[in-house]
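First the structure, in the form of structure tokens, and then the observations on it.
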Amino acid sequence: MNLLTLFWAEMRRELILLLRYPFELVSKLIWNLGFALMIFYGFQSVGGGLPGFEQGQMGRLLGLLITYIAINGISNATELIAEETQTGTLEQAALSPPPLVLILFFRDVAQFLENLIRFALVMAIAMALTGVRFHLNVPAIALLLFLMFLGTEGIGMVLGAAALLYKRVATLSQFAVMLVFGLAVLPLDKLPGWMGLFVDNFPFTKALLLLRQVAINDVSLGTLVANGAVLGLLINALVYLGLGWACFLWAERTARDWGTLNQY
């Protein structure tokens, strides 16, 4: 099957779901905005007078607004496996002409594009309500979010591989989600040194630091490209994506050998 045809099929599927279930879309918007504002104003009430607090609040709000893009990348694979298994269509998808891993990847890319539009809307509302003003370098923000998505997609594929083999991995997925929320809220430079190696190389963290430079400090995309920051994020994202892709292919092959691909 032509890859463009497969991608367009997944985009159409995503559009149909949006039009068919508008209440779900509105609920997601309210949840994304409400959670971010709750945490933002919660920190505002306890630390508003501290030196440098407002700068930290801007970074915290930005982190909270992009968490759901990272979370979707992490959790989509396990949700797809669980959904397809429970409806009894996973085996059918695995036997279709395109590989299952490609179906998973293009479905997640289609959802990422929808999330990007939702992110812009939620960000605009949050800026209007809080008075925070970000530098809206749209090409730079979109590029960094896409690279972040590729990295978190790799982690999601690892979790999806576990779901293929062991089916119920909700606790592991929830841990990854809580990790992203923690990194979005906490000051990264205050974390213990022993966490540095992991945190510094986590796709969400690397992207968040660059997004803060662009949206808060008004650093240009050209500057980030020139100093190698974008290249570093790209390599990081491709490493995570490659590892996730390999894990998923191995798990799918193993599940076929065990005969448990469509069991739940």
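Chains: A, B, ... in order of the structure tokens. Residues: from 1 per chain. Ligands: from 1, in order shown.
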Margin query: Residues near A:Leu209, anyone? I mean within 12 Å using only C-alpha atoms, not counting same-chain ones fewer than 3 positions away, as a count of residues only.
Written below: 33
Note to self: Using DSSP assignments from the backbone, pull out every residue in stretch 20-263 of chain A that falls under alpha helix (DSSP H) and give it to me as a PyMOL selection string.
What the structure shows: chain A and resi 20+22-47+53-86+90-94+100-130+138-166+170-185+196-200+203-215+221-226+229-258
Check: Please, what distance in Å, to one decimal, runs between atom CA of A:Leu136 and atom CA of A:Gly42?
Finding: 25.1 Å
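Residues lying within 10 Å of A:Leu150, counting only C-alpha atoms and ignoring same-chain neighbours fewer than 4 positions away, are Ala70, Gly73, Ile74, Phe105, Asp108, Val109, Phe112, Leu144, Leu145, Phe146, Gly154, Ile155, Gly156, Pro203, Leu234, Asn236, Ala237, Leu238, Val239, Tyr240, Leu241 and Gly242 of chain A.
Minimum atom-to-atom distance to A:Gln44, evaluated using only C-alpha atoms, belongs to A:Gly56 out of A:Pro99, A:Gly222, A:Pro139, A:Gly56.
Compared by their closest atoms to A:Tyr68, and using only C-alpha atoms, the residues A:Ala246, A:Leu18, A:Ala36, A:Ala207 rank with A:Ala36 nearest.
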Each residue of stretch 60-155 of chain A with at least one atom at most 12 Å from stretch 6-15 of chain A should appear once, together with its nearest atom pair and the corresponding distance in Å (one decimal); atoms considered: only C-alpha atoms; ordering: chain, then increasing residue number; output as a tab-separated table.
```
residue	atom	partner	partner_atom	distance
A:Ser96	CA	A:Leu6	CA	11.4
A:Pro97	CA	A:Leu6	CA	10.3
A:Pro98	CA	A:Leu6	CA	8.1
A:Pro99	CA	A:Leu6	CA	10.8
A:Leu100	CA	A:Leu6	CA	11.6
A:Leu102	CA	A:Leu6	CA	8.6
A:Ile103	CA	A:Leu6	CA	7.6
A:Leu104	CA	A:Glu10	CA	9.5
A:Phe105	CA	A:Phe7	CA	9.2
A:Phe106	CA	A:Phe7	CA	5.5
A:Arg107	CA	A:Glu10	CA	5.3
A:Asp108	CA	A:Glu10	CA	8.7
A:Val109	CA	A:Phe7	CA	8.4
A:Ala110	CA	A:Met11	CA	5.2
A:Gln111	CA	A:Glu14	CA	6.8
A:Phe112	CA	A:Glu14	CA	10.2
A:Leu113	CA	A:Met11	CA	8.9
A:Glu114	CA	A:Glu14	CA	8.0
A:Asn115	CA	A:Glu14	CA	10.9
```
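By only C-alpha atoms, and with residues fewer than 6 positions from A:Leu172 along its chain excluded, the set lying at most 12 Å from it is Ile74, Ser75, Thr78, Ile155, Gly156, Val158, Leu159, Gly160, Ala162, Ala163, Tyr166, Met178 and Leu179 of chain A.
Using only C-alpha atoms for every distance, the candidate list A:Leu65, A:Met157, A:Leu164, A:Ala226 yields A:Met157 as the residue closest to A:Leu243.
Here atom CA of A:His135 stands at a distance of 25.8 Å from atom CA of A:Ile235.
Closest to A:Ile30 among A:Met195, A:Ile125, A:Leu210, A:Val177 is A:Ile125, based on only C-alpha atoms.
Minimum atom-to-atom distances from A:Gly34, A:Phe181, A:Leu147, A:Phe43 to A:Met123 were compared using only C-alpha atoms, and the lowest value belongs to A:Gly34.
In this comparison, which uses only C-alpha atoms, the residue of A:Leu17, A:Ala161, A:Leu33, A:Met127 approaching A:Asn76 most closely is A:Ala161.
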